[in-house]
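Text of work.txt (compact mmCIF, C-alpha atoms) as supplied:
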```txt
# COMPACT_ATOMS: atom_id res chain seq x y z
CA MET A 189 186.72 52.86 -116.65
CA SER A 190 183.86 52.83 -119.12
CA THR A 191 180.38 53.54 -117.95
CA PRO A 192 177.71 50.90 -118.60
CA SER A 193 175.69 51.51 -121.72
CA GLU A 194 172.11 52.64 -121.52
CA PRO A 195 169.52 49.87 -122.12
CA THR A 196 168.44 49.90 -125.72
CA GLU A 197 164.72 50.04 -126.44
CA ALA A 198 163.15 47.91 -129.12
CA PRO A 199 162.30 49.87 -132.27
CA PRO A 200 158.62 50.77 -132.54
CA PRO A 201 156.59 48.57 -134.88
CA SER A 202 156.05 49.82 -138.39
CA ARG A 203 152.79 51.41 -139.51
CA TRP A 204 151.88 48.32 -141.53
CA HIS A 205 152.56 46.07 -138.55
CA GLN A 206 150.38 48.25 -136.34
CA THR A 207 147.58 48.14 -138.93
CA PHE A 208 147.89 44.37 -139.14
CA LEU A 209 147.63 44.04 -135.37
CA LYS A 210 144.58 46.32 -135.25
CA ILE A 211 142.83 44.18 -137.86
CA THR A 212 143.76 40.78 -136.45
CA GLN A 213 143.16 41.72 -132.83
CA GLY A 214 139.89 43.58 -133.36
CA ASN A 215 136.40 42.28 -132.75
CA ALA A 216 135.28 42.66 -136.37
CA ILE A 217 137.65 39.98 -137.66
CA ILE A 218 136.30 37.53 -135.07
CA SER A 219 132.75 38.06 -136.34
CA VAL A 220 133.80 37.57 -139.97
CA LEU A 221 135.81 34.43 -139.21
CA ALA A 222 133.01 33.08 -137.02
CA VAL A 223 130.64 33.34 -139.99
CA LEU A 224 133.23 31.65 -142.21
CA LEU A 225 133.69 28.78 -139.77
CA ALA A 226 129.92 28.42 -139.45
CA PHE A 227 129.60 28.12 -143.22
CA ILE A 228 132.33 25.50 -143.24
CA GLY A 229 130.55 23.54 -140.52
CA GLY A 230 127.27 23.88 -142.37
CA GLY A 231 128.95 22.64 -145.55
CA ILE A 232 130.16 19.53 -143.75
CA LEU A 233 126.63 18.81 -142.55
CA ILE A 234 125.22 19.39 -146.06
CA ALA A 235 127.70 16.93 -147.52
CA ALA A 236 127.08 14.38 -144.77
CA THR A 237 123.30 14.43 -145.34
CA ASP A 238 123.43 14.33 -149.16
CA GLU A 239 122.35 11.01 -150.68
CA ASP A 240 124.89 11.16 -153.53
CA VAL A 241 127.71 11.75 -151.08
CA GLN A 242 126.56 8.87 -148.92
CA ALA A 243 126.43 6.57 -151.96
CA ALA A 244 129.92 7.59 -153.12
CA ALA A 245 131.32 7.22 -149.60
CA LYS A 246 130.61 3.47 -149.72
CA TYR A 247 133.54 2.99 -152.10
CA PHE A 248 135.62 5.92 -150.83
CA PHE A 249 138.89 4.00 -150.62
CA ALA A 250 138.49 2.70 -154.16
CA ARG A 251 137.69 6.06 -155.76
CA PRO A 252 137.96 8.90 -153.21
CA GLY A 253 137.57 11.48 -155.97
CA ASP A 254 133.92 10.56 -156.42
CA THR A 255 133.15 11.35 -152.79
CA LEU A 256 134.99 14.66 -152.93
CA ALA A 257 133.27 15.64 -156.19
CA ALA A 258 129.84 14.71 -154.82
CA SER A 259 130.56 16.68 -151.64
CA TRP A 260 131.61 19.73 -153.64
CA ASP A 261 128.51 19.52 -155.83
CA ALA A 262 126.24 19.26 -152.79
CA VAL A 263 127.82 22.16 -150.90
CA TRP A 264 128.17 24.36 -153.98
CA GLY A 265 124.60 23.68 -155.03
CA ALA A 266 123.23 24.43 -151.58
CA TYR A 267 125.13 27.68 -151.06
CA SER A 268 124.45 28.80 -154.64
CA ALA A 269 120.74 28.30 -154.00
CA LEU A 270 121.13 30.21 -150.72
CA PHE A 271 122.75 33.11 -152.56
CA GLN A 272 120.22 33.18 -155.39
CA GLY A 273 117.37 33.01 -152.91
CA ALA A 274 118.78 35.80 -150.77
CA ILE A 275 120.70 38.20 -153.03
CA TYR A 276 120.25 37.84 -156.79
CA ASN A 277 118.54 35.23 -158.96
CA PHE A 278 120.68 34.86 -162.10
CA GLY A 279 118.10 32.70 -163.83
CA ALA A 280 115.23 35.18 -163.52
CA PRO A 281 113.75 36.44 -166.81
CA THR A 282 113.56 40.10 -165.71
CA PHE A 283 115.63 42.38 -163.52
CA ALA A 284 112.69 42.92 -161.16
CA ARG A 285 112.43 39.16 -160.60
CA ALA A 286 116.20 38.91 -160.25
CA ILE A 287 116.44 41.42 -157.39
CA ARG A 288 113.34 40.17 -155.61
CA PRO A 289 115.47 37.88 -153.36
CA LEU A 290 117.39 40.93 -152.14
CA THR A 291 114.17 42.72 -151.27
CA GLU A 292 112.99 39.62 -149.40
CA THR A 293 116.27 39.61 -147.46
CA LEU A 294 115.73 43.23 -146.48
CA THR A 295 112.13 42.48 -145.52
CA PHE A 296 113.18 39.61 -143.24
CA ALA A 297 116.02 41.72 -141.86
CA THR A 298 113.81 44.70 -140.96
CA PRO A 299 112.46 43.37 -137.63
CA LEU A 300 115.74 41.59 -136.87
CA ILE A 301 117.64 44.88 -137.10
CA ALA A 302 115.20 46.71 -134.82
CA ALA A 303 115.12 43.95 -132.19
CA GLY A 304 118.87 43.42 -132.43
CA LEU A 305 119.48 47.11 -131.77
CA GLY A 306 117.37 46.87 -128.63
CA VAL A 307 119.34 43.90 -127.33
CA ALA A 308 122.67 45.50 -128.31
CA LEU A 309 121.87 48.72 -126.46
CA ALA A 310 121.01 46.75 -123.34
CA PHE A 311 124.29 44.86 -123.69
CA ARG A 312 126.22 48.13 -123.67
CA ILE A 313 124.67 48.98 -120.28
CA GLY A 314 125.63 45.58 -118.92
CA MET A 315 122.07 44.21 -119.10
CA PHE A 316 120.85 41.11 -120.90
CA ASN A 317 117.45 41.81 -122.43
CA ILE A 318 116.19 38.31 -123.13
CA GLY A 319 112.55 39.44 -123.06
CA GLY A 320 112.28 40.30 -126.73
CA ARG A 321 109.41 37.92 -127.28
CA GLY A 322 107.20 39.50 -124.65
CA GLN A 323 108.06 43.03 -125.71
CA MET A 324 107.27 42.20 -129.34
CA LEU A 325 103.97 40.57 -128.43
CA LEU A 326 102.79 43.54 -126.35
CA ALA A 327 103.93 45.99 -129.02
CA ALA A 328 102.18 43.97 -131.72
CA ALA A 329 98.99 43.82 -129.64
CA ALA A 330 98.97 47.58 -129.04
CA ALA A 331 99.84 48.52 -132.62
CA GLY A 332 97.43 45.93 -134.00
CA TYR A 333 94.54 47.13 -131.87
CA VAL A 334 95.02 50.71 -133.01
CA GLY A 335 95.49 49.42 -136.54
CA PHE A 336 92.12 47.66 -136.83
CA ALA A 337 89.90 49.28 -134.19
CA PHE A 338 90.08 52.95 -135.23
CA ASP A 339 89.19 54.86 -138.35
CA MET A 340 91.64 57.63 -139.10
CA PRO A 341 93.26 59.08 -142.19
CA PHE A 342 96.70 58.09 -143.44
CA PRO A 343 99.39 58.76 -142.23
CA LEU A 344 97.97 59.77 -138.84
CA HIS A 345 96.58 56.26 -138.31
CA MET A 346 99.91 54.62 -139.09
CA ILE A 347 101.82 57.02 -136.83
CA LEU A 348 99.51 56.46 -133.87
CA ALA A 349 99.69 52.67 -134.31
CA LEU A 350 103.49 52.93 -134.45
CA ILE A 351 103.64 55.08 -131.31
CA ALA A 352 101.29 52.71 -129.47
CA GLY A 353 103.55 49.78 -130.25
CA LEU A 354 106.71 51.61 -129.21
CA ILE A 355 105.16 52.66 -125.89
CA ALA A 356 103.89 49.15 -125.15
CA GLY A 357 107.27 47.54 -125.82
CA SER A 358 109.07 50.23 -123.86
CA LEU A 359 106.85 49.95 -120.78
CA TRP A 360 107.00 46.15 -120.79
CA ALA A 361 110.81 46.23 -120.82
CA GLY A 362 110.75 49.09 -118.32
CA ILE A 363 109.30 46.72 -115.73
CA ALA A 364 112.56 44.75 -115.77
CA GLY A 365 114.60 47.96 -115.67
CA PHE A 366 112.61 49.30 -112.72
CA LEU A 367 112.95 46.07 -110.74
CA LYS A 368 116.66 45.92 -111.54
CA ALA A 369 117.15 49.49 -110.34
CA GLN A 370 115.02 49.32 -107.20
CA THR A 371 115.48 45.77 -105.96
CA GLY A 372 118.48 44.41 -107.84
CA ALA A 373 116.35 41.70 -109.45
CA HIS A 374 118.27 40.06 -112.28
CA GLU A 375 116.90 41.18 -115.63
CA VAL A 376 117.35 37.74 -117.23
CA ILE A 377 114.97 36.09 -114.77
CA VAL A 378 112.52 38.97 -114.88
CA THR A 379 112.38 39.20 -118.67
CA ILE A 380 111.94 35.43 -119.04
CA MET A 381 108.98 35.54 -116.68
CA LEU A 382 107.59 38.57 -118.53
CA ASN A 383 107.80 36.59 -121.77
CA TYR A 384 105.41 33.98 -120.38
CA ILE A 385 103.09 36.62 -118.96
CA ALA A 386 102.98 38.48 -122.28
CA TYR A 387 102.36 35.31 -124.28
CA TYR A 388 99.42 34.13 -122.21
CA LEU A 389 98.05 37.65 -121.89
CA VAL A 390 98.03 38.14 -125.66
CA ALA A 391 96.65 34.61 -126.15
CA TRP A 392 93.76 35.49 -123.81
CA MET A 393 93.10 38.74 -125.64
CA LEU A 394 93.07 36.86 -128.96
CA ARG A 395 90.32 34.61 -127.60
CA THR A 396 88.27 37.49 -126.19
CA GLU A 397 85.91 39.30 -128.51
CA GLY A 398 86.09 43.03 -128.05
CA LEU A 399 89.83 42.97 -127.38
CA LEU A 400 91.93 41.40 -130.14
CA GLN A 401 89.75 38.58 -131.47
CA ALA A 402 88.09 39.16 -134.82
CA PRO A 403 84.30 39.48 -134.35
CA GLY A 404 82.11 36.60 -135.45
CA THR A 405 84.78 33.90 -135.22
CA ASN A 406 86.24 31.54 -132.64
CA THR A 407 89.71 31.63 -134.21
CA PRO A 408 92.33 33.30 -131.97
CA LYS A 409 93.25 35.88 -134.59
CA THR A 410 92.80 39.60 -135.03
CA PRO A 411 90.88 41.32 -137.80
CA PRO A 412 92.94 42.62 -140.74
CA MET A 413 94.67 45.93 -140.33
CA LYS A 414 93.05 49.02 -141.86
CA ASP A 415 94.80 50.20 -145.02
CA THR A 416 95.41 53.58 -143.42
CA ALA A 417 97.54 51.94 -140.68
CA VAL A 418 99.67 49.70 -142.91
CA PHE A 419 103.22 50.69 -143.82
CA PRO A 420 103.43 51.82 -147.46
CA GLU A 421 105.35 49.74 -150.00
CA LEU A 422 108.75 51.02 -151.03
CA LEU A 423 109.18 49.39 -154.45
CA GLY A 424 105.66 48.63 -155.57
CA PRO A 425 103.18 45.79 -155.06
CA GLN A 426 105.43 43.16 -156.66
CA PHE A 427 107.79 43.41 -153.67
CA ASN A 428 107.16 42.92 -149.94
CA LEU A 429 109.67 45.57 -148.83
CA HIS A 430 107.88 48.28 -146.86
CA PHE A 431 108.44 51.53 -145.01
CA GLY A 432 109.50 49.62 -141.90
CA PHE A 433 112.95 49.14 -143.41
CA ILE A 434 113.41 52.91 -143.48
CA LEU A 435 112.43 53.01 -139.82
CA SER A 436 115.03 50.35 -138.99
CA VAL A 437 117.71 52.33 -140.81
CA ALA A 438 116.67 55.46 -138.90
CA ALA A 439 116.78 53.47 -135.64
CA THR A 440 120.34 52.39 -136.48
CA PHE A 441 121.41 56.01 -136.92
CA LEU A 442 119.67 56.91 -133.66
CA VAL A 443 121.33 54.15 -131.63
CA ALA A 444 124.74 54.96 -133.14
CA TRP A 445 124.26 58.60 -132.14
CA ILE A 446 123.06 57.71 -128.64
CA LEU A 447 125.95 55.36 -127.92
CA ASN A 448 128.77 57.33 -129.55
CA ARG A 449 127.77 60.99 -129.54
CA SER A 450 125.42 61.72 -126.65
CA SER A 451 126.09 62.20 -122.95
CA LEU A 452 123.43 59.59 -122.23
CA GLY A 453 125.33 57.07 -124.32
CA PHE A 454 128.53 57.88 -122.44
CA LYS A 455 126.74 57.16 -119.17
CA PHE A 456 125.35 53.92 -120.62
CA ARG A 457 128.82 52.76 -121.61
CA ALA A 458 130.31 53.81 -118.28
CA VAL A 459 127.70 51.81 -116.37
CA GLY A 460 128.26 48.84 -118.67
CA VAL A 461 132.01 48.85 -118.08
CA ASN A 462 131.93 49.35 -114.30
CA PRO A 463 128.75 50.39 -112.49
CA ASN A 464 130.61 51.00 -109.22
CA ALA A 465 133.08 53.39 -110.84
CA ALA A 466 130.22 55.10 -112.68
CA ARG A 467 128.40 55.58 -109.38
CA VAL A 468 131.50 57.13 -107.81
CA ALA A 469 131.77 59.47 -110.82
CA GLY A 470 128.29 60.79 -110.07
CA ILE A 471 126.23 58.80 -112.58
CA ASN A 472 122.83 57.65 -111.37
CA VAL A 473 123.23 53.94 -112.18
CA LYS A 474 119.67 53.04 -111.24
CA ARG A 475 118.29 55.67 -113.57
CA MET A 476 120.54 54.41 -116.40
CA TYR A 477 119.18 50.88 -115.95
CA LEU A 478 115.64 52.18 -116.24
CA TYR A 479 116.34 54.47 -119.19
CA GLY A 480 118.28 51.76 -120.96
CA MET A 481 115.52 49.18 -120.71
CA LEU A 482 112.89 51.69 -121.77
CA ILE A 483 114.82 52.51 -124.96
CA SER A 484 115.70 48.86 -125.52
CA GLY A 485 112.06 47.83 -125.18
CA ALA A 486 110.96 50.52 -127.63
CA LEU A 487 113.43 49.23 -130.22
CA VAL A 488 112.34 45.63 -129.74
CA GLY A 489 108.74 46.83 -129.82
CA LEU A 490 109.48 48.39 -133.21
CA ALA A 491 110.16 44.89 -134.46
CA GLY A 492 106.71 43.83 -133.26
CA VAL A 493 105.16 46.79 -135.07
CA HIS A 494 106.96 45.74 -138.25
CA GLN A 495 105.42 42.29 -137.97
CA VAL A 496 101.90 43.70 -137.67
CA LEU A 497 101.85 46.73 -139.93
CA GLY A 498 104.40 45.62 -142.50
CA THR A 499 104.66 41.87 -142.99
CA VAL A 500 101.34 40.57 -141.64
CA THR A 501 98.41 42.86 -142.45
CA THR A 502 95.63 40.25 -142.61
CA GLY A 503 95.52 39.72 -138.85
CA PHE A 504 97.87 37.91 -136.50
CA GLY A 505 97.95 35.27 -133.80
CA ALA A 506 100.06 34.55 -130.72
CA ASP A 507 102.99 33.41 -132.89
CA ILE A 508 103.49 36.85 -134.40
CA ASP A 509 106.95 37.18 -132.85
CA ALA A 510 108.20 34.32 -135.10
CA GLY A 511 111.22 33.72 -132.86
CA ILE A 512 112.66 37.14 -133.71
CA GLY A 513 113.01 38.08 -130.05
CA PHE A 514 115.55 35.29 -129.55
CA ASP A 515 117.22 35.66 -132.96
CA ALA A 516 117.88 39.28 -132.00
CA ILE A 517 120.26 38.09 -129.29
CA THR A 518 122.36 36.32 -131.93
CA VAL A 519 122.22 39.39 -134.18
CA ALA A 520 123.43 41.65 -131.36
CA LEU A 521 126.24 39.23 -130.46
CA LEU A 522 127.40 38.98 -134.06
CA GLY A 523 127.25 42.76 -134.38
CA ARG A 524 129.40 43.13 -131.26
CA SER A 525 126.71 45.33 -129.69
CA THR A 526 127.44 48.18 -132.08
CA ALA A 527 124.73 49.91 -134.11
CA TRP A 528 126.10 49.30 -137.60
CA GLY A 529 127.52 45.90 -136.71
CA THR A 530 124.04 44.88 -135.59
CA PHE A 531 122.60 46.32 -138.81
CA ALA A 532 124.97 44.19 -140.91
CA ALA A 533 124.26 41.10 -138.79
CA GLY A 534 120.53 41.66 -139.25
CA ILE A 535 121.01 41.76 -143.03
CA LEU A 536 123.00 38.50 -142.86
CA PHE A 537 120.35 36.71 -140.84
CA GLY A 538 117.66 38.09 -143.11
CA ALA A 539 119.58 36.51 -145.98
CA PHE A 540 119.61 33.21 -144.09
CA LYS A 541 115.85 33.33 -143.72
CA ALA A 542 115.18 34.34 -147.34
CA GLY A 543 117.72 31.97 -148.88
CA GLY A 544 116.94 29.03 -146.63
CA PHE A 545 113.58 28.45 -148.28
CA SER A 546 115.16 28.56 -151.74
CA MET A 547 117.86 26.13 -150.66
CA GLN A 548 115.26 23.72 -149.35
CA ALA A 549 113.06 23.97 -152.44
CA SER A 550 115.75 23.62 -155.10
CA GLN A 551 118.28 21.35 -153.42
CA GLN A 552 116.12 19.48 -150.89
CA ILE A 553 118.44 20.64 -148.13
CA PRO A 554 116.77 20.61 -144.70
CA ILE A 555 115.92 24.13 -143.59
CA GLU A 556 117.32 23.20 -140.18
CA ILE A 557 120.82 23.43 -141.70
CA VAL A 558 120.42 27.21 -141.71
CA THR A 559 119.53 27.08 -138.03
CA VAL A 560 122.64 25.00 -137.38
CA VAL A 561 124.77 27.60 -139.18
CA GLN A 562 123.27 30.33 -137.00
CA ALA A 563 123.98 28.28 -133.88
CA LEU A 564 127.57 27.74 -134.98
CA ILE A 565 127.98 31.49 -135.43
CA VAL A 566 126.93 32.00 -131.82
CA LEU A 567 129.30 29.25 -130.70
CA PHE A 568 132.32 30.79 -132.40
CA ILE A 569 131.36 34.35 -131.44
CA ALA A 570 131.29 33.21 -127.80
CA ALA A 571 134.78 31.66 -128.08
CA PRO A 572 137.20 34.22 -129.60
CA PRO A 573 140.30 32.31 -128.36
CA LEU A 574 139.12 29.27 -130.35
CA VAL A 575 138.76 31.34 -133.53
CA ARG A 576 142.17 32.94 -133.00
CA THR A 577 143.75 29.53 -132.46
CA ILE A 578 142.19 28.04 -135.60
CA PHE A 579 143.41 30.91 -137.80
CA PHE A 580 146.71 31.49 -135.92
CA LEU A 581 145.82 35.08 -135.08
CA PRO A 582 147.84 37.01 -132.50
CA SER A 583 146.18 37.33 -129.15
CA PRO A 584 145.77 40.82 -127.65
CA GLU A 585 146.37 39.39 -124.19
CA ARG A 586 149.60 37.74 -125.31
CA ASP A 587 150.87 40.97 -126.85
CA ARG A 588 149.99 42.89 -123.72
CA ARG A 589 151.83 40.35 -121.61
CA ARG A 590 154.86 40.58 -123.89
CA ALA A 591 154.82 44.38 -123.74
CA GLU A 592 154.56 44.28 -119.95
CA LYS A 593 157.40 41.76 -119.76
CA ALA A 594 159.58 43.92 -122.01
CA ARG A 595 158.76 46.98 -119.92
CA ARG A 596 159.73 45.22 -116.70
CA LYS A 597 162.94 43.94 -118.30
CA ALA A 598 163.87 47.44 -119.45
CA LEU A 599 163.09 48.84 -116.00
CA LYS A 600 165.23 46.17 -114.37
CA ALA A 601 168.09 46.94 -116.72
CA GLU A 602 167.76 50.64 -115.98
CA VAL A 603 167.86 50.02 -112.23
CA LYS A 604 170.91 47.80 -112.68
CA ALA A 605 172.63 50.49 -114.74
CA ASP A 606 171.90 53.11 -112.08
CA VAL A 607 173.43 50.86 -109.42
CA GLN A 608 176.57 50.36 -111.50
CA LEU A 609 176.86 54.08 -112.17
CA GLU A 610 176.54 54.76 -108.46
CA GLY A 611 179.32 52.28 -107.75
CA VAL A 612 181.57 53.85 -110.37
CA SER A 613 181.02 57.35 -108.93
CA LYS A 614 182.06 56.15 -105.49
```
Mind turning this structure into structure tokens?
Amino acid sequence: MSTPSEPTEAPPPSRWHQTFLKITQGNAIISVLAVLLAFIGGGILIAATDEDVQAAAKYFFARPGDTLAASWDAVWGAYSALFQGAIYNFGAPTFARAIRPLTETLTFATPLIAAGLGVALAFRIGMFNIGGRGQMLLAAAAAGYVGFAFDMPFPLHMILALIAGLIAGSLWAGIAGFLKAQTGAHEVIVTIMLNYIAYYLVAWMLRTEGLLQAPGTNTPKTPPMKDTAVFPELLGPQFNLHFGFILSVAATFLVAWILNRSSLGFKFRAVGVNPNAARVAGINVKRMYLYGMLISGALVGLAGVHQVLGTVTTGFGADIDAGIGFDAITVALLGRSTAWGTFAAGILFGAFKAGGFSMQASQQIPIEIVTVVQALIVLFIAAPPLVRTIFFLPSPERDRRRAEKARRKALKAEVKADVQLEGVSK
């Protein structure tokens, strides 16, 4: 009597198949495809709002080609203007003028990168730092006050103004971290309330002479920053790019090292994955919440310092944050809460800001279209199953379920074979 054959295992997937699965099931591909879908959605809106497209659509069924051609011209013209306003202007007479859009992109991206890193680091600890506006305002107020109220030599003046801004942003975010650690107060609610407190506090200081208000005026605006406190230019006076970009690059290296190489970063990630398990492993979860928000606030505060000492040196008002505190949330989401992913997302959103004005000026495209594209990116980033379905990408969950099903089937076959062998031996 023949013994039952051993259950055959499926051959392991090839190296190329494994590489394909890693690419299609990773987070990076979702971010790239989310941007692509957002551009497609933005293109549809551009075509729908174009007057030539609307005129051609009236006789669409008679000559559909006219509508399609007009739609292509509108979308191509808009995105070409976006590219030339954000990356490289092909029609510029000199190379310096041609690369100026790229420098503007980097200038706009500088505070976005810093603030995005702060939000991303908080995400990795399982905290949602939505208080970027308040942290930027307090950092800008502290750095600005040091920048115009003291007389010191360069670079000491600039360094002290920078440190003042970092400390102010860090302490303001630390309030939320402390309350989270000691009372369990939700950081979203706390940071939202701190945003309002910071806004009205800075607005009061801007209307109070002797604090932030420029002397001899009733305008709620600070005096101009002293030249010794302003970030130096990187490429000369014809460009707006300043030393703050170098600081944002350095901050990216620092956050990457903290999260991936340091013991503190390991504790941050452990708390973010499962705070209860981290507590059992001996990690002081409360202390990690506080440390995380302090570092996060310092990074967001760096964005506020950029706004004061780099972009706006003639004095600032209560709108100095320019919505960057909330845009940073989108940047961190698109960057998947990684240091270099956030850096790349900050560059992309800086390009949106720089190219949006060019698109509006040359093609009469509403600047709000860029905002819609950004919103669509957030929508698709928040719905990975939708992106996978649209592009027919394999789902990691489905593959895991299939592997588990195959494992159970093989185990069942093995048990059945053991039973038959036992019967044969008897």
Can you tell me which residues surround range 483-498 of chain A at a distance of at most 6 Å, considering all atoms listed in the file, apart from same-chain residues fewer than 4 positions away, and format the answer as a PDB file with C-alpha atoms, in the frame of the given file?
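Below is the file part_17.pdb, written as the result:
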```pdb
ATOM      1  CA  PRO A 299     112.460  43.370-137.630  1.00  0.00           C
ATOM      2  CA  ALA A 302     115.200  46.710-134.820  1.00  0.00           C
ATOM      3  CA  ALA A 303     115.120  43.950-132.190  1.00  0.00           C
ATOM      4  CA  GLY A 306     117.370  46.870-128.630  1.00  0.00           C
ATOM      5  CA  GLN A 323     108.060  43.030-125.710  1.00  0.00           C
ATOM      6  CA  MET A 324     107.270  42.200-129.340  1.00  0.00           C
ATOM      7  CA  ALA A 327     103.930  45.990-129.020  1.00  0.00           C
ATOM      8  CA  ALA A 328     102.180  43.970-131.720  1.00  0.00           C
ATOM      9  CA  GLY A 353     103.550  49.780-130.250  1.00  0.00           C
ATOM     10  CA  LEU A 354     106.710  51.610-129.210  1.00  0.00           C
ATOM     11  CA  GLY A 357     107.270  47.540-125.820  1.00  0.00           C
ATOM     12  CA  SER A 358     109.070  50.230-123.860  1.00  0.00           C
ATOM     13  CA  ALA A 361     110.810  46.230-120.820  1.00  0.00           C
ATOM     14  CA  VAL A 418      99.670  49.700-142.910  1.00  0.00           C
ATOM     15  CA  PHE A 419     103.220  50.690-143.820  1.00  0.00           C
ATOM     16  CA  GLY A 432     109.500  49.620-141.900  1.00  0.00           C
TER      17      GLY A 432
END
```
Item to check | Residue among A:Gln272, A:Thr255, A:Thr237, A:Thr577 lying closest to Met547 in chain A, counting only C-alpha atoms | outcome: A:Gln272
Next on the checklist: Just the number, please: distance in Å from CA of Met481 in chain A to CA of Gly365 in chain A, one decimal.
Outcome noted: 5.3 Å
Item to check | Which of A:Ile569, A:Ala465, A:Leu452, A:Ala244 sits closest to Arg312 in chain A [using all atoms listed in the file] | outcome: A:Leu452
Next on the checklist: Please determine, counting all atoms listed in the file, which residue among A:Leu423, A:Ala226, A:Ala364, A:Ile301 has the shortest atom-to-atom distance to Lys474 in chain A.
Outcome noted: A:Ala364
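Counting from CA of Ala533 in chain A, the distance to CA of Ala308 in chain A is 11.5 Å.
Nearest to Ile380 in chain A of all the residues A:Ile318, A:Val468, A:Leu233, A:Leu442 is A:Ile318, based on all atoms listed in the file.
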Next on the checklist: Set the distance at 12 Å and use all atoms listed in the file: which residues neighbour Phe316 in chain A once local chain neighbours fewer than 3 positions away are removed? I'd like the list as a count of residues only.
Outcome noted: 34
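If all atoms listed in the file are the atoms counted, then among A:Ala466, A:Leu325, A:Ala369, A:Leu581 the closest residue to Ile508 in chain A is A:Leu325.
Taking all atoms listed in the file into account, Pro289 in chain A lies nearest to A:Phe540 out of the set A:Trp528, A:Tyr388, A:Phe433, A:Phe540.
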Item to check | Nearby residues, (101.7, 37.0, -121.0) file frame, 12 Å, all atoms listed in the file, as a ChimeraX atom specification | outcome: /A:319,321-326,329,360,379-394,506
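What separates CA of Leu350 in chain A from CA of Gly404 in chain A is a distance of 26.9 Å.
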Next on the checklist: If we count only C-alpha atoms and set the cut-off at 7 Å, which residues sit around Glu292 in chain A, ignoring sequence neighbours fewer than 2 positions away in its own chain? Please answer as a ChimeraX atom specification.
Outcome noted: /A:288-290,294-296,428-429,542
Which polymer residues, protein or nucleic acid, are no farther than 10 Å from (102.4, 39.8, -147.9), counting all atoms listed in the file, as a PDB file with C-alpha atoms, keeping the file's coordinate frame?
```
ATOM      1  CA  PRO A 425     103.180  45.790-155.060  1.00  0.00           C
ATOM      2  CA  GLN A 426     105.430  43.160-156.660  1.00  0.00           C
ATOM      3  CA  PHE A 427     107.790  43.410-153.670  1.00  0.00           C
ATOM      4  CA  ASN A 428     107.160  42.920-149.940  1.00  0.00           C
ATOM      5  CA  LEU A 429     109.670  45.570-148.830  1.00  0.00           C
ATOM      6  CA  GLY A 498     104.400  45.620-142.500  1.00  0.00           C
ATOM      7  CA  THR A 499     104.660  41.870-142.990  1.00  0.00           C
ATOM      8  CA  VAL A 500     101.340  40.570-141.640  1.00  0.00           C
ATOM      9  CA  THR A 501      98.410  42.860-142.450  1.00  0.00           C
ATOM     10  CA  THR A 502      95.630  40.250-142.610  1.00  0.00           C
TER      11      THR A 502
END
```
Item to check | Near-Ala245 in chain A list (12 Å; only C-alpha atoms; drop same-chain fewer than 3 positions) as a PyMOL selection string | outcome: chain A and resi 235-242+248-259
Item to check | Leu225 in chain A environment, 8 Å, all atoms listed in the file, sequence neighbours closer than 6 positions dropped, as a count of residues only | outcome: 3
Centre and edges of the range 271-286 of chain A box, axis-aligned, 5 Å extra per side, as JSON:
```
{"center_x": 117.6, "center_y": 37.8, "center_z": -158.8, "size_x": 20.3, "size_y": 20.2, "size_z": 26.0}
```
